[in-house]
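Heads up, the thing below is written out as structure tokens.
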Amino acid sequence: MKSHLKAIANLYEELEFESALGQVATARQQANGPEDDVELSLWEGLLLAELIRTEEASAAFTSALVLRPDAQLPVKVSPKVSNQFEALRKAVKRAQQARRDVPSPTPRQTTDAPREVAPPSSPPRIASPSDIASAPTASPLQVTQEARTGSLRSKAYIPAIAGGALMVAGGISWALSRGEASKLRNADPSLATSADIDRSVSRGRTLQAAGVGLLGVGVLGLGLAAGMYLMGAPEEKFAMQLGTDGRSALVYGRWP
């Protein structure tokens, strides 16, 4: 892998950006683990940025930063490319931090307030109709009041999981498109006819477009999760009261 990286660096210094991209595609076939993928994605993003293929460069940089958020570009670059890379780094770190901060959803548990029952001090007395008619109306008794928080935080894990899955899918789609490009550059034996070549080109373009789109939507999903977690939601309250009019018991209140 070191020989491939050295060849890519030499072609970059000679401004042979297209040839360097071909060397990146060849090196991917011999990549051995995430570290190699990070180095190759950094070079690929840098070369695409030099060719003013901004969206493809962002997708390649994001693929590297997802695997290693503290990755550094292999060479000194222009302020424009450096600013683009650092903005993507902040977005990836913010999304990953949001995923770590999202709490696991827990089921709500409600408990009934204990009711106090006083033991009778004397045998019960049967009230007469006149007693009932003359009994004063009791004022309502406040028995309980609770506050429940319908927070957005409890649902922030949904866009976080979806965004992470989309970013992974986008990275896979991007890698597959690079594989199709490698076949074309290296005259793969499986491309024996012009129809095979056309199918490979079409498949590569489709995978590349899908990869860029999925990575972009994935970053937006993770950003949405971070916003939901930080914003939260206002509390909703409910109250319940118990009273009597002398002839019957009344339970009333406001529920969410």
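Every chain in the structure tokens has a letter given in the order shown (A, B, ...), and although residue numbers restart at 1 in each chain, ligands are simply numbered from 1 in the order shown.
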Select from stretch 2-106 of chain A every residue with an atom at most 10 Å from any atom of stretch 193-215 of chain A, then for each give the shortest pair of atoms and their distance in Å to one decimal, using only C-alpha atoms, rows by chain and rising number, as JSON lines.
{"residue": "A:Glu55", "atom": "CA", "partner": "A:Val212", "partner_atom": "CA", "distance": 7.1}
{"residue": "A:Glu56", "atom": "CA", "partner": "A:Val212", "partner_atom": "CA", "distance": 6.7}
{"residue": "A:Ala57", "atom": "CA", "partner": "A:Val212", "partner_atom": "CA", "distance": 9.5}
{"residue": "A:Ser58", "atom": "CA", "partner": "A:Val212", "partner_atom": "CA", "distance": 8.4}
{"residue": "A:Ala59", "atom": "CA", "partner": "A:Val212", "partner_atom": "CA", "distance": 5.7}
{"residue": "A:Ala60", "atom": "CA", "partner": "A:Val212", "partner_atom": "CA", "distance": 8.8}
{"residue": "A:Thr62", "atom": "CA", "partner": "A:Leu215", "partner_atom": "CA", "distance": 7.8}
{"residue": "A:Ser63", "atom": "CA", "partner": "A:Leu215", "partner_atom": "CA", "distance": 8.5}
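If only C-alpha atoms are the atoms counted, then among A:Gln23, A:Ser41, A:Ser190, A:Ser173 the closest residue to A:Leu73 is A:Ser41.
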Checklist entry - Quick one: residues within 6 Å of stretch 159-161 of chain A, only C-alpha atoms counted, chain neighbours fewer than 4 positions away excluded, as a PyMOL selection string? => result chain A and resi 99+221-222+225
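Of the listed residues (A:Glu18, A:Glu39, A:Ala98, A:Gly33), A:Glu18 comes nearest to A:Arg53; the distances count only C-alpha atoms.
Neighbouring residues of A:Val217 at 9 Å or closer, counting only C-alpha atoms and skipping chain neighbours under 6 positions away, are Gly163, Leu166 and Met167 of chain A.
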Would you output that residue set with C-alpha atoms, as a tab-separated table (two decimals), in the first residue's frame?
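This went into out-v1.tsv:
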chain	number	residue	atom	x	y	z
A	163	GLY	CA	-28.95	8.89	9.54
A	166	LEU	CA	-27.92	5.99	5.48
A	167	MET	CA	-24.31	7.12	5.86
Checklist entry - With only C-alpha atoms as the atoms that count, which of A:Lys155, A:Lys80, A:Lys90, A:Arg28 lies nearest to A:Glu180? => result A:Arg28
